[in-house]
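Everything below belongs to target29.tsv, which stores TSV, C-alpha atoms.
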chain	number	residue	atom	x	y	z
P	1	CYS	CA	-13.47	6.04	2.96
P	2	ALA	CA	-15.29	9.18	1.81
P	3	PHE	CA	-18.65	7.40	1.97
P	4	CYS	CA	-18.11	4.76	4.67
P	5	VAL	CA	-16.15	6.59	7.36
P	6	ASN	CA	-17.10	9.52	9.56
P	7	GLN	CA	-13.87	11.48	9.27
P	8	HIS	CA	-14.85	13.63	12.26
P	9	SER	CA	-14.70	10.58	14.51
P	10	CYS	CA	-11.08	9.86	13.67
P	11	ILE	CA	-8.65	11.96	11.59
P	12	CYS	CA	-10.13	15.42	11.01
P	13	GLY	CA	-8.19	17.04	13.85
P	14	GLY	CA	-4.65	16.52	12.61
P	15	PHE	CA	-2.21	14.85	10.24
P	16	GLY	CA	-0.92	12.09	12.48
P	17	SER	CA	2.40	11.90	14.26
P	18	PRO	CA	5.21	13.36	12.12
P	19	PRO	CA	8.05	10.96	11.24
P	20	PRO	CA	11.62	11.95	12.23
P	21	SER	CA	12.71	15.17	10.55
P	22	GLY	CA	15.01	14.83	7.56
P	23	THR	CA	13.75	11.38	6.56
P	24	PRO	CA	11.94	10.43	3.31
P	25	GLU	CA	8.93	9.53	5.45
P	26	HIS	CA	8.83	13.05	6.90
P	27	GLU	CA	9.05	14.52	3.40
P	28	ARG	CA	6.05	12.45	2.30
P	29	TRP	CA	4.18	13.40	5.47
P	30	GLU	CA	4.90	17.09	4.88
P	31	LYS	CA	3.62	16.89	1.30
P	32	GLY	CA	0.48	15.17	2.51
P	33	CYS	CA	-0.25	18.10	4.81
P	34	ARG	CA	-0.32	20.61	1.95
P	35	ASP	CA	-2.43	21.42	-1.08
P	36	THR	CA	-0.60	20.01	-4.12
P	37	VAL	CA	-1.52	23.09	-6.20
P	38	THR	CA	-1.06	26.04	-3.85
P	39	GLY	CA	1.41	24.46	-1.45
P	40	GLU	CA	-0.56	25.86	1.48
P	41	ALA	CA	-1.10	23.73	4.57
P	42	PHE	CA	-4.55	22.21	4.91
P	43	SER	CA	-6.77	23.65	7.63
P	44	ILE	CA	-7.44	21.39	10.60
P	45	CYS	CA	-11.03	20.75	11.61
P	46	THR	CA	-11.98	22.34	14.93
P	47	CYS	CA	-14.96	20.10	15.72
P	48	GLN	CA	-15.22	18.70	19.20
P	49	GLU	CA	-16.40	15.22	18.22
P	50	GLU	CA	-14.67	12.48	20.17
P	51	LYS	CA	-11.96	10.66	18.23
P	52	TRP	CA	-11.71	6.87	18.13
P	53	MET	CA	-8.39	5.50	16.86
P	54	SER	CA	-7.63	1.85	16.19
P	55	GLN	CA	-4.80	1.56	18.71
P	56	ASP	CA	-6.89	2.97	21.56
P	57	ALA	CA	-10.47	1.94	20.72
P	58	PRO	CA	-10.43	-0.74	17.99
P	59	ASP	CA	-14.13	-1.58	18.37
P	60	GLU	CA	-15.38	2.01	18.09
P	61	CYS	CA	-12.86	3.04	15.40
P	62	GLU	CA	-14.27	3.20	11.85
P	63	ILE	CA	-11.03	3.12	9.85
P	64	ASN	CA	-9.79	-0.36	10.80
P	65	LYS	CA	-12.65	-2.38	9.31
P	66	PHE	CA	-12.14	-1.94	5.56
P	67	ASP	CA	-11.71	-5.71	5.09
P	68	ASP	CA	-15.07	-6.42	6.74
P	69	VAL	CA	-16.76	-3.65	4.75
P	70	MET	CA	-15.37	-4.97	1.47
P	71	ASP	CA	-16.46	-8.50	2.30
P	72	VAL	CA	-20.02	-7.37	3.10
P	73	LEU	CA	-20.22	-5.21	-0.05
P	74	GLN	CA	-19.09	-8.13	-2.16
P	75	GLN	CA	-21.96	-10.22	-0.77
P	76	GLU	CA	-24.64	-7.53	-0.81
P	77	MET	CA	-23.90	-5.70	-4.08
P	78	PRO	CA	-23.91	-7.83	-7.25
P	79	GLY	CA	-21.59	-6.40	-9.87
P	80	LEU	CA	-19.30	-4.72	-7.34
P	81	CYS	CA	-15.88	-3.97	-8.83
P	82	GLN	CA	-12.68	-2.40	-7.54
P	83	LEU	CA	-11.14	0.22	-9.82
P	84	ALA	CA	-7.50	1.15	-9.20
P	85	ALA	CA	-6.47	4.50	-10.69
P	86	LEU	CA	-2.66	4.41	-10.83
P	87	ASP	CA	-0.45	7.48	-10.71
P	88	SER	CA	2.44	7.93	-13.17
P	89	LYS	CA	5.04	6.60	-10.70
P	90	PHE	CA	2.82	3.84	-9.32
P	91	ASP	CA	3.29	5.26	-5.82
P	92	ILE	CA	-0.12	3.83	-4.97
P	93	PHE	CA	1.69	0.51	-4.58
P	94	SER	CA	3.81	2.00	-1.80
P	95	ARG	CA	0.77	2.87	0.35
P	96	VAL	CA	0.10	0.19	2.94
P	97	TRP	CA	-3.66	0.89	3.09
P	98	CYS	CA	-3.97	0.51	-0.68
P	99	MET	CA	-1.98	-2.72	-0.67
P	100	ALA	CA	-4.18	-4.20	2.02
P	101	GLU	CA	-7.33	-3.24	0.08
P	102	PHE	CA	-6.03	-4.72	-3.18
P	103	VAL	CA	-5.26	-8.03	-1.50
P	104	GLN	CA	-8.60	-8.07	0.33
P	105	ALA	CA	-10.49	-7.51	-2.93
P	106	TYR	CA	-8.50	-10.31	-4.55
P	107	LEU	CA	-9.19	-12.74	-1.69
P	108	SER	CA	-12.89	-11.78	-1.57
P	109	GLY	CA	-13.31	-12.46	-5.27
P	110	ILE	CA	-14.14	-8.83	-6.11
P	111	PRO	CA	-13.35	-8.15	-9.80
P	112	GLN	CA	-10.48	-5.68	-10.17
P	113	LYS	CA	-9.82	-3.22	-12.97
P	114	VAL	CA	-7.00	-0.76	-13.43
P	115	CYS	CA	-6.62	2.62	-15.09
P	116	ILE	CA	-2.97	3.57	-15.69
P	117	TYR	CA	-1.54	6.98	-16.49
P	118	SER	CA	-0.05	5.81	-19.79
P	119	ASN	CA	0.29	2.42	-21.49
P	120	GLN	CA	3.81	3.43	-22.50
P	121	LEU	CA	4.95	3.21	-18.87
P	122	LEU	CA	4.87	-0.57	-19.07
P	123	ALA	CA	5.57	-1.06	-22.76
P	124	VAL	CA	8.02	-3.90	-23.49
P	125	ASP	CA	10.17	-1.59	-25.63
P	126	ASN	CA	10.43	1.07	-22.91
P	127	ASP	CA	14.10	1.42	-21.99
P	128	ASP	CA	13.26	2.51	-18.44
P	129	LEU	CA	12.50	-0.68	-16.50
P	130	SER	CA	12.59	0.91	-13.05
P	131	LEU	CA	8.81	0.78	-12.66
P	132	TYR	CA	8.71	-2.90	-13.48
P	133	VAL	CA	11.54	-3.72	-11.07
P	134	LYS	CA	9.74	-1.66	-8.42
P	135	LEU	CA	6.58	-3.71	-8.89
P	136	ALA	CA	8.41	-7.05	-9.02
P	137	THR	CA	10.20	-6.41	-5.71
P	138	LEU	CA	7.33	-4.95	-3.69
P	139	THR	CA	6.99	-5.96	-0.07
P	140	VAL	CA	4.38	-4.74	2.38
P	141	THR	CA	7.06	-4.12	5.02
P	142	GLU	CA	8.46	-1.26	2.88
P	143	CYS	CA	5.09	0.40	2.27
P	144	ASN	CA	4.20	3.67	3.95
P	145	ALA	CA	1.27	5.22	5.79
P	146	SER	CA	0.57	8.83	6.75
P	147	ARG	CA	0.33	7.63	10.34
P	148	PRO	CA	3.16	5.23	11.30
P	149	GLU	CA	0.83	3.62	13.81
P	150	ASP	CA	-1.52	2.65	10.97
P	151	LYS	CA	1.28	0.69	9.32
P	152	VAL	CA	2.04	-1.05	12.60
P	153	SER	CA	-1.65	-1.91	13.01
P	154	ILE	CA	-1.99	-3.33	9.49
P	155	LEU	CA	1.24	-5.33	9.66
P	156	ALA	CA	0.07	-6.78	12.98
P	157	LYS	CA	-2.95	-8.26	11.19
P	158	ILE	CA	-0.73	-10.13	8.71
P	159	PRO	CA	0.20	-13.55	10.14
P	160	ASP	CA	2.76	-14.36	7.43
P	161	VAL	CA	4.41	-11.42	5.66
P	162	GLN	CA	6.12	-13.57	3.02
P	163	GLU	CA	2.81	-15.21	2.12
P	164	PHE	CA	1.16	-11.77	1.97
P	165	ASP	CA	3.91	-10.50	-0.35
P	166	ALA	CA	3.41	-13.51	-2.62
P	167	GLN	CA	-0.32	-12.79	-2.68
P	168	LEU	CA	0.46	-9.15	-3.43
P	169	GLN	CA	2.51	-10.20	-6.46
P	170	ALA	CA	-0.41	-12.32	-7.65
P	171	VAL	CA	-2.76	-9.35	-7.22
P	172	ILE	CA	-0.57	-7.08	-9.34
P	173	MET	CA	1.22	-9.36	-11.78
P	174	GLY	CA	-0.59	-12.70	-11.77
P	175	LYS	CA	-2.61	-14.12	-14.65
P	176	ARG	CA	-5.73	-12.34	-13.39
P	177	GLY	CA	-3.82	-9.56	-11.63
P	178	LEU	CA	-4.29	-5.82	-11.95
P	179	LEU	CA	-1.57	-5.39	-14.56
P	180	SER	CA	-1.64	-8.81	-16.23
P	181	ARG	CA	-2.50	-7.54	-19.71
P	182	HIS	CA	0.12	-4.76	-19.51
P	183	LEU	CA	3.04	-7.03	-18.60
P	184	GLU	CA	3.30	-9.48	-21.48
P	185	GLY	CA	6.92	-10.04	-22.50
P	186	PHE	CA	8.45	-9.32	-19.10
P	187	ASP	CA	8.94	-12.92	-17.90
P	188	VAL	CA	12.75	-12.78	-18.06
P	189	ILE	CA	12.91	-9.46	-16.23
P	190	TYR	CA	10.51	-10.77	-13.59
P	191	GLY	CA	12.78	-13.77	-13.01
P	192	ALA	CA	15.79	-11.50	-12.71
P	193	ALA	CA	13.99	-9.20	-10.26
P	194	CYS	CA	12.95	-12.17	-8.12
P	195	SER	CA	16.57	-13.37	-8.11
P	196	VAL	CA	17.73	-9.93	-6.98
P	197	ARG	CA	15.25	-10.02	-4.08
P	198	ARG	CA	16.34	-13.53	-3.05
P	199	VAL	CA	20.01	-12.47	-3.09
P	200	LYS	CA	19.20	-9.39	-1.03
P	201	VAL	CA	17.28	-11.44	1.55
P	202	ALA	CA	20.10	-13.98	1.80
P	203	LYS	CA	22.69	-11.21	2.14
P	204	ASP	CA	20.69	-9.51	4.92
P	205	GLN	CA	20.28	-12.80	6.79
P	206	LEU	CA	24.01	-13.52	6.54
P	207	ALA	CA	24.80	-10.02	7.78
P	208	LYS	CA	22.50	-10.47	10.81
P	209	ARG	CA	24.02	-13.87	11.56
P	210	SER	CA	27.51	-12.41	11.33
P	211	THR	CA	26.58	-9.64	13.75
P	212	MET	CA	25.17	-12.15	16.22
P	213	ASP	CA	28.26	-14.39	16.01
P	214	TRP	CA	30.72	-11.51	16.30
P	215	PRO	CA	29.34	-8.84	18.65

Could you quickly redo this structure as structure tokens?
Amino acid sequence: CAFCVNQHSCICGGFGSPPPSGTPEHERWEKGCRDTVTGEAFSICTCQEEKWMSQDAPDECEINKFDDVMDVLQQEMPGLCQLAALDSKFDIFSRVWCMAEFVQAYLSGIPQKVCIYSNQLLAVDNDDLSLYVKLATLTVTECNASRPEDKVSILAKIPDVQEFDAQLQAVIMGKRGLLSRHLEGFDVIYGAACSVRRVKVAKDQLAKRSTMDWP
């Protein structure tokens, strides 16, 4: 984005619509508006350049074409590679833009490499399995974006969410996935996590059906 997008034509004038106050989404939005070191709010650009957002002007907007840009780069730049630098909590996997870019790189055949905060985070003998369970139960519908409308726009481009989620799991945990060499020995846990997700989905569907049958 820093090299491909003219920030002054889209997002330099604000931080996007704030989520409802008191929600986890608002807390993340508030943190994103501030310097992580000083805690001070970022200054807003005062330029007068016209803004083009995807929901209002999809053709003129520059931030809704990452998939096309990645596809062109893959064809025009031999040796192109995607490097994912992961934070200690793997929160990058909760960002809808990042998820979409990981899957696009995978589908375009762009080689992917990963740099993790510490190998110990995913060590088989690590007693804390919360990160693994988090990865094994990821779904794009629970990812976040600084601008809620961005999430809506990206989800609208996904024809089959379940298929996308399956592809997402392949990107992260498959044999040639981002974390494949870090996840040896976790097969049983992966099966358990998948079972938990299936039970949750079935429970939610039964709850909805019950509500419909008994208003």

Please list as a PDB file with C-alpha atoms, in the coordinates of the input every residue within 10 Å of stretch 31-38 of chain P, counting all atoms listed in the file and excluding residues in the same chain fewer than 4 positions away.
ATOM      1  CA  GLY P  14      -4.650  16.520  12.610  1.00  0.00           C
ATOM      2  CA  PHE P  15      -2.210  14.850  10.240  1.00  0.00           C
ATOM      3  CA  GLY P  16      -0.920  12.090  12.480  1.00  0.00           C
ATOM      4  CA  GLU P  25       8.930   9.530   5.450  1.00  0.00           C
ATOM      5  CA  HIS P  26       8.830  13.050   6.900  1.00  0.00           C
ATOM      6  CA  GLU P  27       9.050  14.520   3.400  1.00  0.00           C
ATOM      7  CA  PHE P  42      -4.550  22.210   4.910  1.00  0.00           C
ATOM      8  CA  SER P  43      -6.770  23.650   7.630  1.00  0.00           C
ATOM      9  CA  ILE P  44      -7.440  21.390  10.600  1.00  0.00           C
ATOM     10  CA  SER P 146       0.570   8.830   6.750  1.00  0.00           C
TER      11      SER P 146
END

Do you know which residues are at most 8 Å from P:Trp52 counting only C-alpha atoms, after dropping those on the same chain fewer than 6 positions away, and could you put them as a PyMOL selection string?
-> chain P and resi 9-10+58+60-62

9 Å contact set for P:Ile116, all atoms listed in the file, chain neighbours under 6 positions out, as a ChimeraX atom specification = /P:84-88,90

Atomic separation - atom CA of P:Asp165 relative to atom CA of P:Leu138, Å =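 Distance between the two atoms: 7.3 Å.
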
Name all residues at most 8 Å from P:Gly109 (count all atoms listed in the file; drop same-chain ones fewer than 3 positions away) and give them as an MDAnalysis selection string.
-> chainID P and resid 74 105:106

Pick out the residues sitting within 12 Å of P:Thr46, and hand them over as a VMD selection string; count all atoms listed in the file, and ignore anything fewer than 2 positions along from it in its own chain.
-> chain P and resid 8 11 to 14 43 to 44 48 to 50

Dump as a PDB file, keeping the file's coordinate frame, selection limited to C-alpha atoms:
ATOM      1  CA  HIS P   8     -14.850  13.630  12.260  1.00  0.00           C
ATOM      2  CA  ILE P  11      -8.650  11.960  11.590  1.00  0.00           C
ATOM      3  CA  CYS P  12     -10.130  15.420  11.010  1.00  0.00           C
ATOM      4  CA  GLY P  13      -8.190  17.040  13.850  1.00  0.00           C
ATOM      5  CA  GLY P  14      -4.650  16.520  12.610  1.00  0.00           C
ATOM      6  CA  SER P  43      -6.770  23.650   7.630  1.00  0.00           C
ATOM      7  CA  ILE P  44      -7.440  21.390  10.600  1.00  0.00           C
ATOM      8  CA  GLN P  48     -15.220  18.700  19.200  1.00  0.00           C
ATOM      9  CA  GLU P  49     -16.400  15.220  18.220  1.00  0.00           C
ATOM     10  CA  GLU P  50     -14.670  12.480  20.170  1.00  0.00           C
TER      11      GLU P  50
END

Need the axis-aligned box for stretch 94-103 of chain P with 4 Å each side, so what are the centre and edges in Å to one decimal, as AutoDock Vina command-line options?
--center_x -1.8 --center_y -2.6 --center_z 0.0 --size_x 19.1 --size_y 18.9 --size_z 14.3

With distances taken over only C-alpha atoms, which of P:Ala145, P:Ile158, P:Leu73, P:Cys47 is nearest to P:Pro18?
->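 Of P:Ala145, P:Ile158, P:Leu73, P:Cys47, the one nearest P:Pro18, counting only C-alpha atoms, is P:Ala145.
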
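Across the model, the gap from atom CA of P:Met77 to atom CA of P:Met173 is 26.5 Å.
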
Nearest to P:Gln55, chosen from P:Thr137, P:Gln167, P:Ser153, P:Gln162, with only C-alpha atoms counted in the distances = P:Ser153

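Note that the spacing between atom CA of P:Gln112 and atom CA of P:Arg147 amounts to 26.7 Å.
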
Smallest atom-to-atom distance to P:Phe93: which of P:Asn64, P:Cys45, P:Asn144, P:Gly39, using only C-alpha atoms?
->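 So, comparing all the options, the nearest one is P:Asn144.
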
Of the listed residues P:Tyr132, P:Leu107, P:Gly79, P:Arg28, that which approaches P:Pro148 most closely, counting all atoms listed in the file |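 Once distances to P:Pro148 are computed over all atoms listed in the file, the minimum belongs to P:Arg28.
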
Which of these, P:Leu80, P:Cys4, P:Val171, P:Leu135, has the shortest distance to P:Phe102 once you count all atoms listed in the file?
->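 Smallest distance to P:Phe102 is found for P:Val171.
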
Could you check which of P:Asp56, P:Glu142, P:Pro159, P:Ile110 is closest to P:Met70, using only C-alpha atoms?
->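 Counting only C-alpha atoms, the residue closest to P:Met70 is P:Ile110.
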
Only all heavy atoms, as a tab-separated table (two decimals), in the first residue's frame: that is what I want for stretch 39-51 of chain P.
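Result went into selection12.tsv, see below:
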chain	number	residue	atom	x	y	z
P	39	GLY	N	1.16	7.30	22.63
P	39	GLY	CA	-0.25	7.29	22.96
P	39	GLY	C	-1.01	8.49	22.42
P	39	GLY	O	-2.22	8.61	22.61
P	40	GLU	N	-0.30	9.39	21.74
P	40	GLU	CA	-0.95	10.59	21.19
P	40	GLU	C	-1.68	10.25	19.90
P	40	GLU	O	-1.27	9.37	19.13
P	40	GLU	CB	0.10	11.67	20.92
P	40	GLU	CG	0.80	12.17	22.18
P	40	GLU	CD	1.83	13.24	21.86
P	40	GLU	OE1	2.00	13.57	20.67
P	40	GLU	OE2	2.46	13.75	22.81
P	41	ALA	N	-2.77	10.95	19.67
P	41	ALA	CA	-3.57	10.73	18.46
P	41	ALA	C	-2.79	11.21	17.23
P	41	ALA	O	-2.11	12.22	17.28
P	41	ALA	CB	-4.90	11.47	18.56
P	42	PHE	N	-2.88	10.44	16.16
P	42	PHE	CA	-2.23	10.84	14.92
P	42	PHE	C	-2.88	12.10	14.37
P	42	PHE	O	-4.09	12.32	14.53
P	42	PHE	CB	-2.34	9.73	13.87
P	42	PHE	CG	-1.52	8.51	14.18
P	42	PHE	CD1	-2.13	7.28	14.40
P	42	PHE	CD2	-0.13	8.59	14.26
P	42	PHE	CE1	-1.37	6.15	14.67
P	42	PHE	CE2	0.63	7.46	14.55
P	42	PHE	CZ	0.00	6.24	14.75
P	43	SER	N	-2.08	12.92	13.72
P	43	SER	CA	-2.61	14.12	13.07
P	43	SER	C	-3.30	13.72	11.77
P	43	SER	O	-2.87	12.80	11.08
P	43	SER	CB	-1.49	15.11	12.77
P	43	SER	OG	-0.84	15.52	13.95
P	44	ILE	N	-4.37	14.41	11.45
P	44	ILE	CA	-5.10	14.15	10.21
P	44	ILE	C	-4.61	15.09	9.13
P	44	ILE	O	-4.40	16.28	9.37
P	44	ILE	CB	-6.61	14.33	10.43
P	44	ILE	CG1	-7.13	13.27	11.42
P	44	ILE	CG2	-7.38	14.23	9.12
P	44	ILE	CD1	-8.59	13.41	11.75
P	45	CYS	N	-4.42	14.54	7.94
P	45	CYS	CA	-3.95	15.34	6.81
P	45	CYS	C	-5.01	16.38	6.44
P	45	CYS	O	-6.21	16.11	6.45
P	45	CYS	CB	-3.65	14.43	5.62
P	45	CYS	SG	-3.06	15.30	4.16
P	46	THR	N	-4.55	17.56	6.10
P	46	THR	CA	-5.48	18.65	5.76
P	46	THR	C	-5.50	18.95	4.27
P	46	THR	O	-6.01	19.98	3.85
P	46	THR	CB	-5.09	19.93	6.53
P	46	THR	OG1	-3.73	20.29	6.19
P	46	THR	CG2	-5.20	19.71	8.02
P	47	CYS	N	-4.96	18.04	3.46
P	47	CYS	CA	-4.96	18.28	2.01
P	47	CYS	C	-6.38	18.32	1.47
P	47	CYS	O	-7.31	17.78	2.08
P	47	CYS	CB	-4.14	17.21	1.28
P	47	CYS	SG	-4.99	15.63	1.08
P	48	GLN	N	-6.53	18.94	0.34
P	48	GLN	CA	-7.85	19.12	-0.26
P	48	GLN	C	-8.09	18.17	-1.43
P	48	GLN	O	-9.03	18.36	-2.20
P	48	GLN	CB	-8.01	20.57	-0.72
P	48	GLN	CG	-7.90	21.59	0.40
P	48	GLN	CD	-8.95	21.37	1.47
P	48	GLN	OE1	-10.13	21.23	1.19
P	48	GLN	NE2	-8.50	21.32	2.74
P	49	GLU	N	-7.20	17.17	-1.57
P	49	GLU	CA	-7.37	16.25	-2.70
P	49	GLU	C	-8.67	15.47	-2.57
P	49	GLU	O	-9.04	15.02	-1.48
P	49	GLU	CB	-6.19	15.28	-2.79
P	49	GLU	CG	-6.26	14.35	-3.99
P	49	GLU	CD	-4.93	13.69	-4.29
P	49	GLU	OE1	-3.91	14.11	-3.71
P	49	GLU	OE2	-4.92	12.75	-5.11
P	50	GLU	N	-9.36	15.29	-3.68
P	50	GLU	CA	-10.63	14.59	-3.66
P	50	GLU	C	-10.43	13.13	-3.27
P	50	GLU	O	-9.48	12.49	-3.68
P	50	GLU	CB	-11.30	14.66	-5.04
P	50	GLU	CG	-12.71	14.13	-5.07
P	50	GLU	CD	-13.43	14.42	-6.37
P	50	GLU	OE1	-12.79	14.98	-7.29
P	50	GLU	OE2	-14.63	14.10	-6.47
P	51	LYS	N	-11.35	12.63	-2.43
P	51	LYS	CA	-11.25	11.26	-1.94
P	51	LYS	C	-12.16	10.33	-2.75
P	51	LYS	O	-13.30	10.67	-3.04
P	51	LYS	CB	-11.62	11.19	-0.46
P	51	LYS	CG	-10.81	12.13	0.43
P	51	LYS	CD	-9.34	11.75	0.47
P	51	LYS	CE	-8.55	12.60	1.46
P	51	LYS	NZ	-8.25	13.94	0.98
